[in-house]
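Data block below; observations after.
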Amino acid sequence: MPGSSGHRVSIDQLLLAGAHFGHLTQRWNPKMKRYIFMARNGIYLIDLNKTQELINVACRKAAELAATGEDILFIGTKKQARDIIESEARRAECPYVTYRWLGGMLTNFSTIRHSLKTLENYERMGSDGTYEKLTKKEQLRIEKSKGKLLRVLSGIREMRRLPVAVFIVDTNHESIGVAEARKLNIPIFAIVDTNVDPDLVDYPIPANDDAFKSIGLIARAFADAIIEGKRKLKDRQPPEETVKEDRSKPRSRRSRRRRPRRSRVENQAAVQKDDAANPTKDGAVAEKGEAGSKAGGKKAERKTDSKENHNESHHE
């Protein structure tokens, strides 16, 4: 959250973290000249006023990107940044890379997803009892491969597609990741020291990228901005209206009216009443029966006559 002055980080906090210390004057990039305050005792000092302003710009943009629901990838494989990057990325629920950057992690993302499926298969083999059917040599080989995949890919297991942006500590150390992000037009947020090229970064933050406290202060402010963006996304989403039935109460059923059953005497009386109301019904049925019997008799006579004629012709 921005402070009372509207800044994410105060100048005093940056001074205490040592964010103003750059590299030796012999090891500098001329493109960083606009971010350098002065040189003292052979070391360049970074202008913290510009650092403070650029932290605000980067955090504002990060909150906008996080509000879209996409992932921002944290990258920091140098020893000073590993623990900080992992903890802040976990806090912001973002993917991270802290052990080693594999070539093609962005530009060949389909192969990385295939490696993650291999890791899932290894874990499934350990849970369904397949390991017990393998020899010890095969088990050791699988365990070794599983440990290597976990060490390198554990931070991006939940990253199903390419990130919307990347946050990098020391662009010189992560030069392959910077090149891949630029090739795919992915925005880059980075802590840039006096020995790097700031033109490769979309949102540079000039500061000391070697000090533990400096990296932690800026990464914490960046993670806070991402958390705020995700909170805004949740606030914009309409609440899901789910109707839950109260299973403790019995379901209400419609009361159906049943007709009262009539007794046998009432049924007989109703039948007699119908017969009395339709006297022609029985006569019509009787006439129909007589007509049917007559037709049957005539048909039988025709059959016997035809049979006799056939026999006579046969005898002749």
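Chains: A, B, ... in order of the structure tokens. Residues: from 1 per chain. Ligands: from 1, in order shown.
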Who sits within 8 Å of region 89-106 of chain A, only C-alpha atoms, same chain under 6 positions skipped, as a ChimeraX atom specification: /A:71-78,81-83,112,151-153,155-159,162,174,176-177,180-181,223-224,226-227
Would you mind exporting N, CA, C and O atoms of the selected residues as a short mmCIF file (atom, residue, chain, number, x, y, z; two decimals), in the first residue's frame?
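What follows is the written file result.cif:
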```
data_model
loop_
_atom_site.label_atom_id
_atom_site.label_comp_id
_atom_site.auth_asym_id
_atom_site.auth_seq_id
_atom_site.Cartn_x
_atom_site.Cartn_y
_atom_site.Cartn_z
N ASP A 71 -0.74 -14.27 -14.85
CA ASP A 71 0.40 -14.49 -13.95
C ASP A 71 1.56 -13.57 -14.31
O ASP A 71 1.78 -13.24 -15.47
N ILE A 72 2.30 -13.16 -13.28
CA ILE A 72 3.56 -12.42 -13.44
C ILE A 72 4.67 -13.32 -12.90
O ILE A 72 4.62 -13.75 -11.75
N LEU A 73 5.66 -13.61 -13.73
CA LEU A 73 6.73 -14.54 -13.38
C LEU A 73 7.86 -13.81 -12.67
O LEU A 73 8.39 -12.82 -13.19
N PHE A 74 8.26 -14.31 -11.49
CA PHE A 74 9.40 -13.77 -10.74
C PHE A 74 10.64 -14.59 -11.11
O PHE A 74 10.61 -15.82 -11.07
N ILE A 75 11.74 -13.88 -11.43
CA ILE A 75 12.99 -14.54 -11.81
C ILE A 75 14.12 -13.96 -10.99
O ILE A 75 14.37 -12.74 -11.02
N GLY A 76 14.82 -14.84 -10.26
CA GLY A 76 16.00 -14.42 -9.50
C GLY A 76 16.80 -15.64 -9.11
O GLY A 76 16.52 -16.26 -8.09
N THR A 77 17.80 -15.98 -9.90
CA THR A 77 18.56 -17.20 -9.67
C THR A 77 19.90 -16.96 -8.95
O THR A 77 20.57 -17.94 -8.61
N LYS A 78 20.27 -15.72 -8.69
CA LYS A 78 21.52 -15.48 -7.96
C LYS A 78 21.28 -15.73 -6.48
O LYS A 78 20.15 -15.65 -5.97
N ALA A 81 19.24 -13.47 -4.16
CA ALA A 81 17.82 -13.21 -4.48
C ALA A 81 16.94 -14.44 -4.35
O ALA A 81 15.71 -14.30 -4.35
N ARG A 82 17.50 -15.64 -4.26
CA ARG A 82 16.69 -16.86 -4.33
C ARG A 82 15.60 -16.91 -3.27
O ARG A 82 14.42 -17.07 -3.58
N ASP A 83 16.00 -16.80 -2.01
CA ASP A 83 15.02 -16.94 -0.93
C ASP A 83 13.99 -15.83 -0.96
O ASP A 83 12.79 -16.06 -0.71
N ILE A 112 8.52 -27.44 -21.92
CA ILE A 112 8.53 -27.31 -20.47
C ILE A 112 7.28 -27.96 -19.88
O ILE A 112 7.35 -28.65 -18.85
N ARG A 151 13.67 -29.41 -8.61
CA ARG A 151 14.54 -28.28 -8.27
C ARG A 151 14.40 -27.16 -9.29
O ARG A 151 14.43 -25.97 -8.93
N VAL A 152 14.22 -27.51 -10.55
CA VAL A 152 14.20 -26.51 -11.61
C VAL A 152 12.79 -26.00 -11.90
O VAL A 152 12.60 -24.80 -12.16
N LEU A 153 11.78 -26.88 -11.84
CA LEU A 153 10.44 -26.54 -12.32
C LEU A 153 9.39 -26.42 -11.23
O LEU A 153 8.22 -26.19 -11.54
N GLY A 155 8.70 -24.13 -9.18
CA GLY A 155 8.07 -22.81 -9.07
C GLY A 155 7.07 -22.50 -10.16
O GLY A 155 6.27 -21.57 -10.01
N ILE A 156 7.10 -23.24 -11.27
CA ILE A 156 6.18 -22.93 -12.39
C ILE A 156 5.22 -24.08 -12.65
O ILE A 156 4.67 -24.19 -13.75
N ARG A 157 4.99 -24.93 -11.67
CA ARG A 157 4.10 -26.08 -11.86
C ARG A 157 2.67 -25.64 -12.16
O ARG A 157 1.96 -26.29 -12.91
N GLU A 158 2.25 -24.54 -11.56
CA GLU A 158 0.87 -24.07 -11.75
C GLU A 158 0.74 -23.07 -12.90
O GLU A 158 -0.35 -22.56 -13.13
N MET A 159 1.82 -22.80 -13.62
CA MET A 159 1.76 -21.84 -14.72
C MET A 159 1.34 -22.59 -15.99
O MET A 159 2.13 -23.26 -16.63
N LEU A 162 1.79 -18.78 -20.85
CA LEU A 162 2.87 -17.80 -20.73
C LEU A 162 2.45 -16.66 -19.81
O LEU A 162 1.28 -16.26 -19.78
N GLU A 174 20.48 -12.74 -15.74
CA GLU A 174 19.34 -13.42 -16.37
C GLU A 174 19.20 -12.98 -17.83
O GLU A 174 18.10 -12.72 -18.30
N ILE A 176 19.43 -14.62 -20.64
CA ILE A 176 18.63 -15.51 -21.51
C ILE A 176 17.14 -15.26 -21.29
O ILE A 176 16.36 -15.18 -22.24
N GLY A 177 16.75 -15.12 -20.03
CA GLY A 177 15.34 -14.83 -19.76
C GLY A 177 14.90 -13.50 -20.33
O GLY A 177 13.78 -13.36 -20.84
N GLU A 180 14.43 -13.93 -24.13
CA GLU A 180 13.21 -14.66 -24.48
C GLU A 180 11.96 -13.80 -24.26
O GLU A 180 11.03 -13.83 -25.07
N ALA A 181 11.95 -13.03 -23.17
CA ALA A 181 10.80 -12.16 -22.92
C ALA A 181 10.69 -11.08 -23.98
O ALA A 181 9.59 -10.75 -24.45
N ALA A 223 5.39 -7.21 -4.87
CA ALA A 223 4.42 -8.26 -4.53
C ALA A 223 3.16 -7.66 -3.92
O ALA A 223 2.04 -8.13 -4.18
N ASP A 224 3.30 -6.61 -3.11
CA ASP A 224 2.13 -5.94 -2.54
C ASP A 224 1.24 -5.37 -3.64
O ASP A 224 0.00 -5.43 -3.55
N ILE A 226 0.92 -6.51 -6.68
CA ILE A 226 0.24 -7.63 -7.35
C ILE A 226 -0.95 -8.11 -6.50
O ILE A 226 -2.04 -8.39 -7.02
N ILE A 227 -0.75 -8.18 -5.20
CA ILE A 227 -1.83 -8.62 -4.30
C ILE A 227 -3.01 -7.64 -4.36
O ILE A 227 -4.18 -8.04 -4.38
#
```
Looking only at strand (DSSP E or B) from DSSP on the backbone, list the matching residues of region 105-249 of chain A as an mmCIF file with all heavy atoms, in the first residue's frame.
```cif
data_model
loop_
_atom_site.group_PDB
_atom_site.id
_atom_site.type_symbol
_atom_site.label_atom_id
_atom_site.label_comp_id
_atom_site.auth_asym_id
_atom_site.auth_seq_id
_atom_site.Cartn_x
_atom_site.Cartn_y
_atom_site.Cartn_z
ATOM 1 N N ALA A 165 3.802 -10.846 -17.719
ATOM 2 C CA ALA A 165 4.986 -10.004 -17.490
ATOM 3 C C ALA A 165 5.979 -10.794 -16.651
ATOM 4 O O ALA A 165 5.653 -11.854 -16.096
ATOM 5 C CB ALA A 165 4.614 -8.696 -16.793
ATOM 6 N N VAL A 166 7.216 -10.277 -16.566
ATOM 7 C CA VAL A 166 8.252 -10.916 -15.749
ATOM 8 C C VAL A 166 8.906 -9.854 -14.875
ATOM 9 O O VAL A 166 9.049 -8.695 -15.275
ATOM 10 C CB VAL A 166 9.320 -11.625 -16.614
ATOM 11 C CG1 VAL A 166 8.728 -12.800 -17.348
ATOM 12 C CG2 VAL A 166 9.969 -10.653 -17.599
ATOM 13 N N PHE A 167 9.276 -10.270 -13.660
ATOM 14 C CA PHE A 167 10.019 -9.411 -12.727
ATOM 15 C C PHE A 167 11.382 -10.053 -12.496
ATOM 16 O O PHE A 167 11.471 -11.199 -12.054
ATOM 17 C CB PHE A 167 9.272 -9.272 -11.402
ATOM 18 C CG PHE A 167 10.026 -8.511 -10.362
ATOM 19 C CD1 PHE A 167 10.153 -7.138 -10.439
ATOM 20 C CD2 PHE A 167 10.622 -9.169 -9.289
ATOM 21 C CE1 PHE A 167 10.857 -6.436 -9.470
ATOM 22 C CE2 PHE A 167 11.322 -8.483 -8.318
ATOM 23 C CZ PHE A 167 11.440 -7.107 -8.412
ATOM 24 N N ILE A 168 12.457 -9.313 -12.825
ATOM 25 C CA ILE A 168 13.799 -9.889 -12.856
ATOM 26 C C ILE A 168 14.723 -9.116 -11.925
ATOM 27 O O ILE A 168 14.663 -7.882 -11.837
ATOM 28 C CB ILE A 168 14.368 -9.871 -14.296
ATOM 29 C CG1 ILE A 168 13.485 -10.713 -15.226
ATOM 30 C CG2 ILE A 168 15.795 -10.384 -14.339
ATOM 31 C CD1 ILE A 168 13.918 -10.678 -16.681
ATOM 32 N N VAL A 169 15.571 -9.867 -11.252
ATOM 33 C CA VAL A 169 16.657 -9.285 -10.449
ATOM 34 C C VAL A 169 17.969 -9.533 -11.192
ATOM 35 O O VAL A 169 18.335 -10.687 -11.430
ATOM 36 C CB VAL A 169 16.706 -9.916 -9.043
ATOM 37 C CG1 VAL A 169 17.874 -9.344 -8.250
ATOM 38 C CG2 VAL A 169 15.397 -9.692 -8.310
ATOM 39 N N ILE A 188 8.867 -6.367 -19.208
ATOM 40 C CA ILE A 188 9.913 -6.729 -18.245
ATOM 41 C C ILE A 188 9.989 -5.664 -17.158
ATOM 42 O O ILE A 188 10.167 -4.479 -17.448
ATOM 43 C CB ILE A 188 11.280 -6.872 -18.935
ATOM 44 C CG1 ILE A 188 11.222 -7.939 -20.039
ATOM 45 C CG2 ILE A 188 12.361 -7.223 -17.925
ATOM 46 C CD1 ILE A 188 12.493 -8.022 -20.862
ATOM 47 N N PHE A 189 9.837 -6.088 -15.904
ATOM 48 C CA PHE A 189 10.128 -5.255 -14.729
ATOM 49 C C PHE A 189 11.443 -5.778 -14.159
ATOM 50 O O PHE A 189 11.611 -6.987 -13.978
ATOM 51 C CB PHE A 189 9.031 -5.394 -13.669
ATOM 52 C CG PHE A 189 7.664 -4.980 -14.128
ATOM 53 C CD1 PHE A 189 6.867 -5.851 -14.851
ATOM 54 C CD2 PHE A 189 7.165 -3.731 -13.836
ATOM 55 C CE1 PHE A 189 5.598 -5.485 -15.270
ATOM 56 C CE2 PHE A 189 5.899 -3.344 -14.246
ATOM 57 C CZ PHE A 189 5.115 -4.227 -14.966
ATOM 58 N N ALA A 190 12.372 -4.887 -13.867
ATOM 59 C CA ALA A 190 13.678 -5.367 -13.417
ATOM 60 C C ALA A 190 14.356 -4.346 -12.512
ATOM 61 O O ALA A 190 14.172 -3.127 -12.665
ATOM 62 C CB ALA A 190 14.580 -5.684 -14.601
ATOM 63 N N ILE A 191 15.146 -4.875 -11.560
ATOM 64 C CA ILE A 191 16.052 -4.047 -10.754
ATOM 65 C C ILE A 191 17.344 -3.909 -11.548
ATOM 66 O O ILE A 191 18.005 -4.901 -11.852
ATOM 67 C CB ILE A 191 16.318 -4.694 -9.388
ATOM 68 C CG1 ILE A 191 15.001 -4.894 -8.627
ATOM 69 C CG2 ILE A 191 17.280 -3.850 -8.562
ATOM 70 C CD1 ILE A 191 15.164 -5.630 -7.305
ATOM 71 N N VAL A 192 17.693 -2.690 -11.911
ATOM 72 C CA VAL A 192 18.869 -2.460 -12.757
ATOM 73 C C VAL A 192 19.936 -1.733 -11.941
ATOM 74 O O VAL A 192 19.667 -0.728 -11.278
ATOM 75 C CB VAL A 192 18.493 -1.651 -14.021
ATOM 76 C CG1 VAL A 192 17.596 -2.468 -14.919
ATOM 77 C CG2 VAL A 192 17.820 -0.331 -13.669
ATOM 78 N N TYR A 203 10.212 -1.527 -17.653
ATOM 79 C CA TYR A 203 9.979 -0.781 -16.406
ATOM 80 C C TYR A 203 11.190 -0.970 -15.503
ATOM 81 O O TYR A 203 11.194 -1.813 -14.608
ATOM 82 C CB TYR A 203 8.693 -1.267 -15.719
ATOM 83 C CG TYR A 203 7.464 -1.075 -16.563
ATOM 84 C CD1 TYR A 203 7.003 -2.104 -17.380
ATOM 85 C CD2 TYR A 203 6.771 0.131 -16.572
ATOM 86 C CE1 TYR A 203 5.889 -1.936 -18.171
ATOM 87 C CE2 TYR A 203 5.651 0.308 -17.361
ATOM 88 C CZ TYR A 203 5.216 -0.734 -18.155
ATOM 89 O OH TYR A 203 4.101 -0.553 -18.946
ATOM 90 N N PRO A 204 12.267 -0.166 -15.719
ATOM 91 C CA PRO A 204 13.487 -0.322 -14.898
ATOM 92 C C PRO A 204 13.313 0.300 -13.519
ATOM 93 O O PRO A 204 12.620 1.313 -13.345
ATOM 94 C CB PRO A 204 14.546 0.419 -15.716
ATOM 95 C CG PRO A 204 13.775 1.456 -16.470
ATOM 96 C CD PRO A 204 12.427 0.864 -16.759
ATOM 97 N N ILE A 205 13.954 -0.323 -12.538
ATOM 98 C CA ILE A 205 13.995 0.205 -11.169
ATOM 99 C C ILE A 205 15.472 0.311 -10.784
ATOM 100 O O ILE A 205 16.101 -0.695 -10.405
ATOM 101 C CB ILE A 205 13.250 -0.705 -10.185
ATOM 102 C CG1 ILE A 205 11.791 -0.880 -10.617
ATOM 103 C CG2 ILE A 205 13.319 -0.137 -8.770
ATOM 104 C CD1 ILE A 205 11.026 -1.895 -9.792
ATOM 105 N N PRO A 206 16.105 1.486 -10.898
ATOM 106 C CA PRO A 206 17.537 1.608 -10.582
ATOM 107 C C PRO A 206 17.788 1.435 -9.088
ATOM 108 O O PRO A 206 17.262 2.182 -8.258
ATOM 109 C CB PRO A 206 17.883 3.025 -11.047
ATOM 110 C CG PRO A 206 16.590 3.759 -11.040
ATOM 111 C CD PRO A 206 15.530 2.766 -11.348
#
```
Atomic separation - CA of Lys61 (chain A) relative to CA of Asn185 (chain A), Å: 15.8 Å
Interatomic distance (Å, one decimal) between CA of Asp193 (chain A) and CA of His173 (chain A): 11.5 Å
One-decimal distance in Å that lies between CA of Pro187 (chain A) and CA of Leu200 (chain A): 10.1 Å
Nearest candidate to His20 (chain A) (options A:Lys230, A:Lys136, A:Lys50, A:Arg160; using only C-alpha atoms):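 Smallest separation from His20 (chain A) among the options: A:Lys50.
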DSSP helix (DSSP H, G or I) residues within region 122-234 of chain A, listed as a PyMOL selection string: chain A and resi 122-127+131-133+136-156+175-183+198-200+212-234
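Among A:Gly22, A:Gly6, A:Gln80, A:Gln13, the residue with the shortest atom-to-atom distance to Ala211 (chain A), counting only C-alpha atoms, is A:Gln80.
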Region 28-37 of chain A surroundings by only C-alpha atoms, 7 Å radius, close-in-sequence under 6 positions cut, as a ChimeraX atom specification: /A:44-47,50,194-198,206
